[in-house]
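So this block is my_file29.cif, mmCIF, C-alpha atoms:
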data_run
loop_
_atom_site.label_atom_id
_atom_site.label_comp_id
_atom_site.auth_asym_id
_atom_site.auth_seq_id
_atom_site.Cartn_x
_atom_site.Cartn_y
_atom_site.Cartn_z
CA MET A 3 66.99 172.66 213.41
CA GLN A 4 68.69 175.15 215.72
CA ASN A 5 67.58 173.15 218.78
CA LYS A 6 65.48 170.08 219.64
CA LEU A 7 62.39 170.36 221.82
CA LEU A 8 59.75 168.10 223.41
CA LEU A 9 56.38 169.49 224.52
CA ILE A 10 54.63 167.43 227.21
CA ILE A 11 50.95 168.28 227.69
CA ILE A 12 49.28 166.86 230.80
CA ASP A 13 45.59 167.45 230.19
CA GLY A 14 43.39 169.25 232.70
CA VAL A 15 45.67 170.15 235.61
CA PRO A 16 44.90 173.40 237.45
CA TYR A 17 47.74 175.66 238.55
CA ALA A 18 47.48 174.80 242.27
CA ASN A 19 47.82 171.07 241.60
CA TRP A 20 51.00 171.59 239.61
CA ARG A 21 52.63 173.66 242.32
CA GLY A 22 51.37 171.51 245.17
CA PHE A 23 51.70 167.89 244.03
CA PHE A 24 54.46 167.64 241.38
CA GLY A 25 57.41 167.33 243.72
CA ASN A 26 59.98 166.36 241.08
CA LEU A 27 59.13 169.30 238.83
CA GLU A 28 59.15 171.69 241.78
CA GLY A 29 62.44 170.21 242.95
CA TRP A 30 64.06 171.08 239.63
CA VAL A 31 62.69 174.61 239.97
CA GLU A 32 64.22 174.91 243.44
CA GLU A 33 67.55 173.62 242.11
CA GLY A 34 67.52 176.09 239.22
CA GLU A 35 67.29 173.37 236.56
CA ALA A 36 63.82 174.48 235.45
CA ARG A 37 61.70 177.60 235.47
CA VAL A 38 57.97 177.82 235.96
CA TRP A 39 55.30 180.33 234.98
CA ARG A 40 51.54 180.56 235.08
CA MET A 41 49.85 180.29 231.67
CA ARG A 42 46.22 181.08 230.84
CA SER A 43 44.24 179.14 228.23
CA VAL A 44 42.12 180.46 225.43
CA LEU A 45 38.32 180.56 225.68
CA PRO A 46 36.47 178.30 225.67
CA SER A 47 38.80 176.37 227.95
CA THR A 48 37.63 173.18 226.25
CA SER A 49 40.14 170.47 225.41
CA ALA A 50 39.84 170.44 221.62
CA SER A 51 39.78 174.24 221.44
CA CYS A 52 42.97 174.43 223.48
CA TYR A 53 44.70 171.68 221.46
CA ALA A 54 44.16 173.64 218.26
CA SER A 55 45.34 176.91 219.81
CA ILE A 56 48.48 175.37 221.35
CA HIS A 57 49.81 174.50 217.89
CA THR A 58 48.35 177.26 215.71
CA GLY A 59 48.85 180.18 218.09
CA VAL A 60 45.40 181.57 217.29
CA THR A 61 42.19 181.63 219.31
CA PRO A 62 39.17 179.33 218.80
CA GLN A 63 37.34 182.30 217.36
CA VAL A 64 39.88 182.20 214.50
CA HIS A 65 40.51 178.46 214.00
CA ARG A 66 36.81 177.62 214.72
CA VAL A 67 37.41 174.59 216.94
CA THR A 68 34.85 175.73 219.49
CA SER A 69 33.98 172.42 221.19
CA ASN A 70 35.02 168.78 221.45
CA GLU A 71 32.51 168.08 218.69
CA SER A 72 34.23 170.48 216.23
CA ILE A 73 36.93 168.17 214.91
CA PHE A 74 38.45 168.85 211.48
CA ARG A 75 41.79 169.54 209.83
CA VAL A 76 42.59 173.12 210.83
CA ALA A 77 43.46 175.55 208.07
CA GLU A 78 45.96 177.78 209.89
CA PRO A 79 49.71 177.07 209.87
CA ASP A 80 50.74 175.00 212.88
CA VAL A 81 53.93 173.90 214.61
CA PHE A 82 54.04 170.48 212.91
CA SER A 83 53.52 171.87 209.41
CA GLU A 84 56.09 174.63 209.84
CA VAL A 85 58.77 172.34 211.29
CA THR A 86 58.22 169.83 208.50
CA LYS A 87 58.31 172.61 205.89
CA ALA A 88 61.68 173.68 207.31
CA GLY A 89 63.05 170.14 206.91
CA GLY A 90 62.65 168.96 210.50
CA LYS A 91 61.31 165.66 211.80
CA THR A 92 58.23 165.72 214.02
CA GLY A 93 56.59 163.19 216.32
CA ALA A 94 53.36 162.98 218.29
CA VAL A 95 52.04 160.58 220.94
CA ALA A 96 48.54 161.74 221.73
CA HIS A 97 44.78 161.50 221.54
CA SER A 98 43.51 161.07 217.99
CA PHE A 99 42.13 164.65 217.91
CA TRP A 100 45.71 165.86 217.41
CA SER A 101 46.10 163.73 214.30
CA GLU A 102 42.83 165.06 212.91
CA PHE A 103 43.73 168.69 213.59
CA PHE A 104 47.24 168.61 212.20
CA ASN A 105 47.54 165.67 209.79
CA ARG A 106 44.25 164.47 208.29
CA SER A 107 40.60 164.06 209.17
CA PRO A 108 38.54 161.98 209.77
CA PHE A 109 40.67 159.67 211.90
CA ASP A 110 40.84 156.11 210.57
CA PRO A 111 42.02 153.93 213.49
CA VAL A 112 43.51 151.26 211.21
CA ARG A 113 45.39 153.75 209.05
CA ASP A 114 46.16 156.45 211.61
CA ILE A 115 46.71 154.82 214.98
CA GLU A 116 50.39 154.48 214.03
CA TYR A 117 52.19 155.98 211.06
CA ASP A 118 55.65 156.97 209.87
CA GLU A 119 55.35 159.46 207.03
CA GLN A 120 58.45 161.61 207.09
CA GLY A 121 58.36 164.15 204.30
CA GLN A 122 54.79 163.20 203.41
CA SER A 123 52.78 164.59 206.35
CA PRO A 124 53.14 167.41 208.90
CA ILE A 125 53.46 164.78 211.64
CA SER A 126 56.37 162.59 210.57
CA HIS A 127 55.87 159.88 213.19
CA GLY A 128 52.49 159.48 214.90
CA ARG A 129 51.27 157.16 217.65
CA PHE A 130 47.65 157.81 218.63
CA HIS A 131 44.81 156.47 220.76
CA THR A 132 41.08 157.23 220.62
CA MET A 133 39.76 156.53 224.14
CA THR A 134 36.69 155.04 222.46
CA GLY A 135 34.01 154.33 225.04
CA TYR A 136 35.27 156.98 227.48
CA GLY A 137 32.90 157.77 230.35
CA HIS A 138 32.60 158.32 234.07
CA ASP A 139 33.02 154.65 234.99
CA ASN A 140 35.79 153.78 232.51
CA GLN A 141 38.34 156.43 231.59
CA MET A 142 39.80 154.44 228.67
CA THR A 143 43.12 156.24 229.17
CA PRO A 144 46.43 154.55 228.32
CA CYS A 145 49.17 154.29 230.94
CA ASP A 146 51.20 157.52 231.13
CA ALA A 147 54.47 155.61 231.58
CA ASP A 148 53.80 153.79 228.31
CA LEU A 149 53.18 157.09 226.52
CA PHE A 150 56.42 158.57 227.88
CA ALA A 151 58.28 155.49 226.69
CA THR A 152 56.68 155.73 223.25
CA LEU A 153 57.75 159.35 222.77
CA THR A 154 61.25 158.39 223.89
CA MET A 155 61.29 155.59 221.32
CA LEU A 156 60.35 158.07 218.55
CA ALA A 157 63.09 160.44 219.69
CA GLU A 158 65.78 157.78 219.87
CA ARG A 159 64.77 155.64 216.90
CA HIS A 160 63.84 158.38 214.45
CA GLY A 161 65.78 161.40 215.70
CA ILE A 162 62.79 163.72 215.81
CA ASP A 163 63.52 167.43 216.21
CA TYR A 164 60.15 168.32 217.69
CA GLY A 165 57.97 165.91 219.63
CA MET A 166 54.65 166.38 221.40
CA LEU A 167 53.04 164.12 223.99
CA HIS A 168 49.50 164.47 225.34
CA THR A 169 47.88 162.42 228.09
CA CYS A 170 44.33 162.66 229.45
CA THR A 171 44.72 160.72 232.70
CA LEU A 172 44.54 163.62 235.16
CA ASP A 173 41.80 165.41 233.23
CA SER A 174 39.70 162.26 233.33
CA MET A 175 40.47 161.73 237.02
CA GLY A 176 39.37 165.30 237.76
CA HIS A 177 36.08 164.84 235.93
CA ARG A 178 35.42 161.64 237.82
CA PHE A 179 36.59 162.46 241.37
CA THR A 180 36.83 166.31 241.37
CA HIS A 181 39.93 167.87 242.92
CA ASP A 182 39.63 167.96 246.71
CA CYS A 183 40.21 164.24 247.24
CA ILE A 184 42.96 161.72 247.89
CA GLN A 185 42.45 160.11 244.47
CA MET A 186 43.56 163.28 242.67
CA ASP A 187 46.43 163.91 245.10
CA LEU A 188 47.81 160.44 244.43
CA ALA A 189 47.20 160.62 240.68
CA CYS A 190 49.30 163.79 240.42
CA PHE A 191 51.98 162.24 242.64
CA LYS A 192 52.16 159.08 240.53
CA LEU A 193 52.34 160.91 237.20
CA ASP A 194 55.11 163.16 238.51
CA GLY A 195 57.08 160.07 239.50
CA GLN A 196 56.55 158.38 236.12
CA LEU A 197 57.57 161.50 234.21
CA ALA A 198 60.72 162.41 236.15
CA PRO A 199 63.19 159.80 234.79
CA TYR A 200 62.17 160.60 231.24
CA ILE A 201 62.86 164.31 231.70
CA THR A 202 66.40 163.39 232.71
CA ARG A 203 66.75 161.07 229.72
CA TRP A 204 65.40 163.69 227.28
CA ARG A 205 67.66 166.40 228.65
CA ASN A 206 70.68 164.10 228.39
CA ALA A 207 69.72 163.48 224.74
CA GLY A 208 69.93 167.21 224.04
CA TYR A 209 66.24 168.19 224.12
CA GLU A 210 64.78 171.29 225.64
CA VAL A 211 61.63 170.21 227.49
CA VAL A 212 58.38 172.03 228.19
CA VAL A 213 55.87 170.43 230.57
CA THR A 214 52.46 172.06 230.80
CA ALA A 215 48.69 171.56 230.46
CA ASP A 216 46.00 172.56 228.00
CA HIS A 217 43.70 174.08 230.63
CA GLY A 218 42.89 173.86 234.33
CA GLN A 219 39.79 172.53 236.08
CA SER A 220 37.39 173.81 238.70
CA LYS A 221 37.15 172.16 242.12
CA ARG A 222 34.08 170.34 240.80
CA GLY A 223 36.04 168.93 237.85
CA HIS A 224 34.79 171.24 235.10
CA HIS A 225 36.48 173.35 232.45
CA GLY A 226 35.33 175.28 229.42
CA GLY A 227 34.48 178.50 231.22
CA ALA A 228 36.28 181.69 232.10
CA GLU A 229 37.17 181.42 235.79
CA ASP A 230 40.87 181.29 236.62
CA MET A 231 40.81 177.71 237.95
CA GLN A 232 39.41 176.46 234.65
CA ARG A 233 41.93 178.39 232.55
CA ASP A 234 45.19 178.62 234.51
CA PHE A 235 47.97 176.03 234.71
CA ALA A 236 51.73 175.88 235.13
CA LEU A 237 54.37 175.76 232.41
CA TYR A 238 57.79 174.32 233.28
CA TYR A 239 60.75 174.94 230.99
CA PHE A 240 64.01 172.99 230.97
CA GLY A 241 66.59 174.66 228.75
CA PRO A 242 69.04 177.55 228.33
CA ALA A 243 66.75 180.30 227.01
CA ASP A 244 65.90 183.42 228.98
CA GLY A 245 62.28 183.96 229.96
CA PRO A 246 60.07 186.57 231.59
CA ALA A 247 59.84 187.42 235.28
CA PRO A 248 58.60 184.58 237.50
CA ASP A 249 55.29 186.36 238.15
CA ALA A 250 54.50 186.86 234.45
CA LEU A 251 51.16 185.54 233.19
CA LEU A 252 51.66 183.81 229.84
CA ASP A 253 49.09 183.58 227.07
CA GLN A 254 48.48 180.13 225.55
CA CYS A 255 48.74 181.62 222.06
CA GLN A 256 52.39 182.42 222.83
CA LEU A 257 53.31 178.75 222.98
CA ALA A 258 53.37 177.95 219.24
CA PRO A 259 55.60 180.88 218.21
CA THR A 260 57.86 180.20 221.20
CA VAL A 261 58.39 176.58 220.16
CA LEU A 262 59.14 177.58 216.58
CA LYS A 263 61.57 180.27 217.70
CA ARG A 264 63.46 177.81 219.90
CA LEU A 265 63.71 175.37 216.97
CA GLY A 266 64.93 178.12 214.65
CA VAL A 267 61.89 177.83 212.37
CA PRO A 268 60.30 180.97 210.86
CA VAL A 269 57.14 182.02 212.69
CA PRO A 270 54.19 182.40 210.28
CA GLY A 271 52.36 185.72 210.14
CA THR A 272 49.20 184.19 211.59
CA MET A 273 50.95 183.70 214.97
CA LEU A 274 50.66 187.21 216.39
CA ALA A 275 51.52 186.56 220.04
CA ALA A 276 55.10 187.28 221.10
CA PRO A 277 57.38 184.34 222.00
CA PHE A 278 58.19 184.27 225.73
CA LEU A 279 61.62 182.59 225.50
CA ASP A 280 64.68 184.40 224.08
#

Translate the structure of the given file into structure tokens.
Amino acid sequence: MQNKLLLIIIDGVPYANWRGFFGNLEGWVEEGEARVWRMRSVLPSTSASCYASIHTGVTPQVHRVTSNESIFRVAEPDVFSEVTKAGGKTGAVAHSFWSEFFNRSPFDPVRDIEYDEQGQSPISHGRFHTMTGYGHDNQMTPCDADLFATLTMLAERHGIDYGMLHTCTLDSMGHRFTHDCIQMDLACFKLDGQLAPYITRWRNAGYEVVVTADHGQSKRGHHGGAEDMQRDFALYYFGPADGPAPDALLDQCQLAPTVLKRLGVPVPGTMLAAPFLD
């Protein structure tokens, strides 16, 4: 690989929350160590639909993941498959939907909750959770600090070239408490504090790092629709590449070809959006 990169997806954080409550990330922007842009999700701005688009670079109308109930192995080329095809090592620490979309479906918790299949599967090293029983009164979300540590273990133990982490904590908090409340303020603050030391560790290990979301949320804790609050979120980039003007609005379908370009992997013809990092 030309470079190494980690993509950190914090589920369901609207743009204003990123800029207002993630003091460590914003501190790195002020210091010039990171850059930040606004990115807009595909429609519907539903979690599963966005997951599939983040890695295939095509819209839900093309990949057909149109709801959280449309879970299957996607047919289009994706970041994991292309990196593996090019000889790279991949890793994922995420909700089980990601394993189903990009490795195999249906998800078998005994077989698929943890696997190491370098050279055999698009995701070389996978660590997944299902959130079985998720609801308003019990979020069933794993600790974010544990997830960050697990991705770091995959990077340091297996030398992955591309790694992806996804956590649902803030999305679940938003659905439960909505956004104009002290619970959400503190949840963003705590996650920012848990993430910060790992960004330093990943950068010292030679990784470029992207921290972003899959979609936003409305003030009432909803997403799936077309309003800006449901679609828009921040994207932070730590690395040497040049990017667009600070006020540029990025398209979520640009993320997959951008990651592949940074890794030095050929971008498949299905990914039509232009990379935003040079």

For this structure, which residues satisfy the selection - the PyMOL selection byres ((chain A and resi 95) around 10) - when it is evaluated on the file as given? I want them as a compact mmCIF listing (two decimals) with C-alpha atoms, keeping the file's coordinate frame.
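Wrote selection.txt, looks like this:
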# COMPACT_ATOMS: atom_id res chain seq x y z
CA ILE A 10 54.63 167.43 227.21
CA GLY A 93 56.59 163.19 216.32
CA ALA A 94 53.36 162.98 218.29
CA ALA A 96 48.54 161.74 221.73
CA HIS A 97 44.78 161.50 221.54
CA SER A 98 43.51 161.07 217.99
CA TRP A 100 45.71 165.86 217.41
CA SER A 101 46.10 163.73 214.30
CA ILE A 115 46.71 154.82 214.98
CA GLU A 116 50.39 154.48 214.03
CA HIS A 127 55.87 159.88 213.19
CA GLY A 128 52.49 159.48 214.90
CA ARG A 129 51.27 157.16 217.65
CA PHE A 130 47.65 157.81 218.63
CA HIS A 131 44.81 156.47 220.76
CA LEU A 149 53.18 157.09 226.52
CA PHE A 150 56.42 158.57 227.88
CA ALA A 151 58.28 155.49 226.69
CA THR A 152 56.68 155.73 223.25
CA LEU A 153 57.75 159.35 222.77
CA THR A 154 61.25 158.39 223.89
CA LEU A 156 60.35 158.07 218.55
CA GLY A 165 57.97 165.91 219.63
CA MET A 166 54.65 166.38 221.40
CA LEU A 167 53.04 164.12 223.99
CA HIS A 168 49.50 164.47 225.34
CA THR A 169 47.88 162.42 228.09

Suppose a student applies the PyMOL selection byres ((chain A and resi 76-78) around 10) to this structure; what residues should they get, written as a list in words?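 Applying the PyMOL selection byres ((chain A and resi 76-78) around 10) to the structure shown produces Ala54, Ser55, His57, Thr58, Gly59, Val60, Val64, His65, Arg66, Val67, Ile73, Phe74, Arg75, Pro79, Asp80, Ser83, Glu102, Phe103, Phe104, Asn105, Arg106, Ser107, Pro270, Thr272 and Met273 of chain A.
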
Quiz item: Between A:Arg21, A:Trp204, A:Leu193, A:Arg40, which one has atoms that come closest to Asp249 (chain A), using only C-alpha atoms?
Solution: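 Of the candidates, the smallest distance to Asp249 (chain A) is held by A:Arg40.
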
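Nearest to Tyr200 (chain A) of all the residues A:Met155, A:Ala250, A:Asp234, A:Leu279 is A:Met155, based on only C-alpha atoms.
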
Go through A:Leu197, A:Ala228, A:Val213, A:Leu7 and flag the residue nearest Lys263 (chain A), using only C-alpha atoms for the distances.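 Of A:Leu197, A:Ala228, A:Val213, A:Leu7, the one nearest Lys263 (chain A) is A:Leu7, counting only C-alpha atoms.
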
- the PyMOL selection byres ((chain A and resi 43) around 6) on the file shown: which residues, as a VMD selection string? chain A and resid 42 44 217 233 254

Of A:His225, A:Arg205, A:His160, A:Arg37, the one nearest to Asp173 (chain A) when counting all atoms listed in the file is A:His225

inquiry  = Which residues are close to Pro277 (chain A), i.e. within 10 Å by all atoms listed in the file, leaving aside same-chain residues fewer than 4 positions away? Reply as a count of residues only.
reply    = 15

CA of Asn19 (chain A) to CA of Ala198 (chain A) measures 16.5 Å

If you count all atoms listed in the file, the residue of A:Tyr17, A:Glu84, A:Gly241, A:Thr48 closest to Gly271 (chain A) turns out to be A:Glu84

**Study point:** Gap from CA of Cys190 (chain A) to CA of Leu251 (chain A) - Å, one decimal
**Key:**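 Computed distance, CA of Cys190 (chain A) to CA of Leu251 (chain A), equals 23.0 Å.
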
- Query: Excluding same-chain residues fewer than 5 positions from Asp139 (chain A), what lies within 12 Å of it counting all atoms listed in the file, as a ChimeraX atom specification?
  - Reply: /A:174-175,177-179

Taken to one decimal, the CA of Ile184 (chain A)-CA of Gln196 (chain A) distance is 18.3 Å

Nearest to Trp39 (chain A), restricted to all atoms listed in the file and choosing among A:Gly266, A:Leu27, A:Gly135, A:Pro248, comes out as A:Pro248

Would you pick out the contacts of Met3 (chain A) at 10 Å or less, using only C-alpha atoms, so that residues sharing its chain but fewer than 5 positions from it are not included, and give the list as a ChimeraX atom specification?
/A:85,88-91,163-164,262,264-267
